[in-house]
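Notes follow once the structure below has been shown.
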Amino acid sequence: MNFYSFWASVPLIFTALLLSEGRRSGNRTAGSRPSLLQLSNYLMTNYSKGVRPVRDWRKTTTVAIDVMVYAILNVDEKNQVLTTYIWYRQIWTDEFLMWNPKDFDDIKQISIPTANVWMPDILINEFVDVGKSPDIPYVYVDHEGRVKNYKPIQVVTACSLDIYNFPFDVQNCTFTFTSWLHNIQDINISLWRSAELVKYDRSVFMNQGEWELLYVDTQFNEFNLERGLSVGYAEMRFFLVIRRRPLFYAVSLLLPSIFLMVMDIIGFYLPPDSGERVSFKITLLLGYSVFLIIVSDTLPATAIGTPLIGVYFVVCMALLVISLTETILIVRLVHKQDLQPHVPEWVKSLILDKATVLLCLRNKTQFHSMHRHSGTPDNARDRKGSTAESLCL
């Protein structure tokens, strides 16, 4: 009886062994899952990216931002638009993305898709166009809940450009970072680095273009959109101060104009009775006109005002016109006697002979040279002189 009972219990024992081995295999499989995958599943379980990541709704989420200017791509004076390329960094604390590194193979930092976490709605107020910025699909999260969002941005912003001192102008453009919806009780903005480090940081700036980066000032403000509201909005302003390098414009614009004006002054040394002086002045005037046509595309054009260098070109053009007019008048005065017709003989006789009788002029020596030039014989002059004397007596 015991023999048959033993063989009857064999299948049960075998089944129990199989189940035990299956459990052990399952435990080994579960324990062999990657730690990053386990941590990612742990963080994303019951996580909602549509809610501000604080456990107490009264607590403010502080977003620390940082800006590093990489390049000045374009300065459009006509449309008052500045195009720059910056490295933008923002850091905040997400209280729902915290863990103990000892529970996950001592992992202290993990990258998570940007689309899966809460992101602050911080924008630049001066945006006028969407730039061609690369899409960065991940953010870094550490075990204390700090979320690091680093991305390069091509910024196309409106800027009030003053071109009066072109090409020796200095421009000051503003980047205003603020939350588009949340007030300062929900989202506050601060600087990640100190203001001094941000001001003179040119570590990544491409310093070989037309514009030179002088410094970047920062300023924190709190403003209200409506009067009477006690709660305002936080904003961080970055003042980008840039200066144009004038060497190219000085060589291509100022020096040719100065050379033409010097040649115009040297032209006064030509003798006025030569015909080359007028033609030389006309050639300079035509050359300067062609020069202005060529440089018209180089000068910035705005509806607000005219750069000082444009006024300088107009004054130089006016001086060339005045110089040509003066040369024409001088040549006219030099050749005035040749251009006038000779006095007829009868007019000379009437004025020099008959007028003396009417005016009772007795001093014949006063008109001696004039009578000689008129060609009247001496005996005739004596008779006329005696007649004039008798009439005057």
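In the structure tokens, chains take letters A, B, ... by order of appearance, with residues numbered from 1 within each chain and ligands from 1 in the order shown.
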Excluding A:Asp201 and its own-chain neighbours fewer than 6 positions away, which residues fall within 12 Å of it when counting only C-alpha atoms? Please give them as a short mmCIF file (atom, residue, chain, number, x, y, z; two decimals) with all heavy atoms, in the first residue's frame.
data_model
loop_
_atom_site.label_atom_id
_atom_site.label_comp_id
_atom_site.auth_asym_id
_atom_site.auth_seq_id
_atom_site.Cartn_x
_atom_site.Cartn_y
_atom_site.Cartn_z
N ASP A 66 19.57 80.99 -17.67
CA ASP A 66 20.90 81.48 -18.03
C ASP A 66 20.96 81.61 -19.55
O ASP A 66 20.38 80.79 -20.27
CB ASP A 66 21.98 80.53 -17.53
CG ASP A 66 23.38 81.08 -17.80
OD1 ASP A 66 23.54 82.31 -17.77
OD2 ASP A 66 24.29 80.28 -18.07
N VAL A 67 21.65 82.65 -20.01
CA VAL A 67 21.77 82.92 -21.44
C VAL A 67 23.24 83.13 -21.77
O VAL A 67 23.92 83.92 -21.09
CB VAL A 67 20.94 84.16 -21.86
CG1 VAL A 67 21.27 84.57 -23.30
CG2 VAL A 67 19.46 83.87 -21.73
N MET A 68 23.71 82.44 -22.81
CA MET A 68 25.07 82.63 -23.33
C MET A 68 24.96 82.93 -24.82
O MET A 68 24.41 82.12 -25.58
CB MET A 68 25.92 81.37 -23.09
CG MET A 68 26.03 80.99 -21.62
SD MET A 68 26.91 79.42 -21.37
CE MET A 68 28.56 79.90 -21.88
N VAL A 69 25.45 84.09 -25.22
CA VAL A 69 25.36 84.51 -26.63
C VAL A 69 26.42 83.78 -27.43
O VAL A 69 27.62 83.85 -27.11
CB VAL A 69 25.51 86.02 -26.76
CG1 VAL A 69 25.37 86.45 -28.22
CG2 VAL A 69 24.49 86.75 -25.90
N TYR A 70 25.97 83.10 -28.48
CA TYR A 70 26.89 82.34 -29.33
C TYR A 70 27.29 83.12 -30.59
O TYR A 70 28.45 83.12 -30.98
CB TYR A 70 26.26 81.01 -29.72
CG TYR A 70 27.14 80.12 -30.57
CD1 TYR A 70 28.21 79.44 -29.99
CD2 TYR A 70 26.93 79.97 -31.93
CE1 TYR A 70 29.04 78.63 -30.76
CE2 TYR A 70 27.75 79.17 -32.70
CZ TYR A 70 28.79 78.49 -32.11
OH TYR A 70 29.61 77.70 -32.87
N ARG A 193 23.43 81.94 -12.79
CA ARG A 193 24.74 82.44 -12.42
C ARG A 193 24.62 83.85 -11.90
O ARG A 193 23.57 84.49 -12.02
CB ARG A 193 25.70 82.39 -13.61
CG ARG A 193 25.96 80.99 -14.16
CD ARG A 193 26.95 81.05 -15.31
NE ARG A 193 26.44 81.83 -16.44
CZ ARG A 193 27.17 82.22 -17.47
NH1 ARG A 193 28.48 81.93 -17.50
NH2 ARG A 193 26.64 82.91 -18.46
N SER A 194 25.71 84.37 -11.37
CA SER A 194 25.70 85.75 -10.88
C SER A 194 25.68 86.72 -12.05
O SER A 194 26.06 86.38 -13.19
CB SER A 194 26.93 86.01 -10.00
OG SER A 194 28.12 85.91 -10.77
N ALA A 195 25.23 87.94 -11.77
CA ALA A 195 25.13 88.95 -12.83
C ALA A 195 26.49 89.31 -13.41
O ALA A 195 26.61 89.60 -14.61
CB ALA A 195 24.44 90.20 -12.29
N LEU A 213 30.48 91.77 -29.29
CA LEU A 213 29.71 91.73 -28.06
C LEU A 213 30.46 92.47 -26.96
O LEU A 213 31.58 92.09 -26.60
CB LEU A 213 29.44 90.28 -27.65
CG LEU A 213 28.68 90.08 -26.34
CD1 LEU A 213 27.28 90.66 -26.43
CD2 LEU A 213 28.64 88.61 -25.98
N LEU A 214 29.85 93.52 -26.43
CA LEU A 214 30.47 94.29 -25.36
C LEU A 214 30.17 93.68 -23.99
O LEU A 214 31.07 93.32 -23.25
CB LEU A 214 30.01 95.74 -25.41
CG LEU A 214 30.38 96.52 -26.68
CD1 LEU A 214 29.90 97.96 -26.59
CD2 LEU A 214 31.88 96.47 -26.93
N TYR A 215 28.90 93.56 -23.66
CA TYR A 215 28.52 92.96 -22.38
C TYR A 215 27.02 92.65 -22.42
O TYR A 215 26.29 93.08 -23.34
CB TYR A 215 28.84 93.88 -21.20
CG TYR A 215 28.25 95.27 -21.29
CD1 TYR A 215 26.97 95.55 -20.81
CD2 TYR A 215 28.98 96.31 -21.86
CE1 TYR A 215 26.43 96.81 -20.90
CE2 TYR A 215 28.45 97.58 -21.95
CZ TYR A 215 27.18 97.83 -21.47
OH TYR A 215 26.65 99.08 -21.56
N VAL A 216 26.56 91.91 -21.43
CA VAL A 216 25.15 91.53 -21.29
C VAL A 216 24.72 91.87 -19.87
O VAL A 216 25.15 91.21 -18.91
CB VAL A 216 24.92 90.04 -21.58
CG1 VAL A 216 23.45 89.69 -21.41
CG2 VAL A 216 25.39 89.68 -22.99
N ASP A 217 23.90 92.89 -19.73
CA ASP A 217 23.36 93.28 -18.42
C ASP A 217 22.08 92.50 -18.13
O ASP A 217 21.37 92.07 -19.06
CB ASP A 217 23.08 94.77 -18.38
CG ASP A 217 24.30 95.56 -17.93
OD1 ASP A 217 25.16 94.97 -17.26
OD2 ASP A 217 24.39 96.75 -18.26
N LEU A 240 21.42 93.10 -24.28
CA LEU A 240 22.52 92.71 -25.15
C LEU A 240 23.09 93.96 -25.81
O LEU A 240 22.43 94.60 -26.64
CB LEU A 240 22.02 91.71 -26.21
CG LEU A 240 23.03 91.16 -27.19
CD1 LEU A 240 24.05 90.30 -26.45
CD2 LEU A 240 22.35 90.34 -28.27
#
Taking the DSSP secondary structure from the backbone, can you list the residues of stretch 24-103 of chain A that are alpha helix (DSSP H), as a ChimeraX atom specification?
/A:24-31,35-44
Report as an NGL selection string all protein, DNA and RNA residues lying within 12 Å of A:Leu39, evaluated on only C-alpha atoms, omitting residues in the same chain fewer than 4 positions from it.
:A and (33-35 or 43-45 or 97-112 or 141-143)
File dump, residues just selected, C-alpha atoms, as a JSON list (two decimals), in the first residue's frame:
[["chain", "number", "residue", "atom", "x", "y", "z"],
["A", 33, "ARG", "CA", 15.88, 44.33, -15.79],
["A", 34, "PRO", "CA", 18.10, 47.43, -16.45],
["A", 35, "SER", "CA", 18.24, 49.89, -13.63],
["A", 43, "LEU", "CA", 9.26, 58.01, -12.10],
["A", 44, "MET", "CA", 6.63, 57.95, -14.82],
["A", 45, "THR", "CA", 4.14, 55.86, -12.88],
["A", 97, "LEU", "CA", 10.78, 63.27, -9.85],
["A", 98, "MET", "CA", 12.80, 62.31, -6.77],
["A", 99, "TRP", "CA", 14.29, 58.94, -5.78],
["A", 100, "ASN", "CA", 16.83, 57.26, -3.57],
["A", 101, "PRO", "CA", 19.95, 56.37, -5.62],
["A", 102, "LYS", "CA", 20.62, 53.30, -3.45],
["A", 103, "ASP", "CA", 17.40, 51.69, -4.63],
["A", 104, "PHE", "CA", 18.37, 51.99, -8.30],
["A", 105, "ASP", "CA", 22.00, 50.91, -8.57],
["A", 106, "ASP", "CA", 23.29, 54.29, -7.34],
["A", 107, "ILE", "CA", 21.85, 56.21, -10.32],
["A", 108, "LYS", "CA", 21.87, 59.94, -9.55],
["A", 109, "GLN", "CA", 20.87, 61.38, -12.94],
["A", 110, "ILE", "CA", 18.66, 60.25, -15.78],
["A", 111, "SER", "CA", 17.52, 61.70, -19.11],
["A", 112, "ILE", "CA", 13.76, 61.79, -19.69],
["A", 141, "VAL", "CA", 16.76, 64.98, -13.97],
["A", 142, "ASP", "CA", 18.82, 64.27, -10.84],
["A", 143, "HIS", "CA", 17.75, 62.35, -7.73]]
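Between atom CA of A:Leu308 and atom CA of A:Asn207 there is a distance of 26.7 Å.
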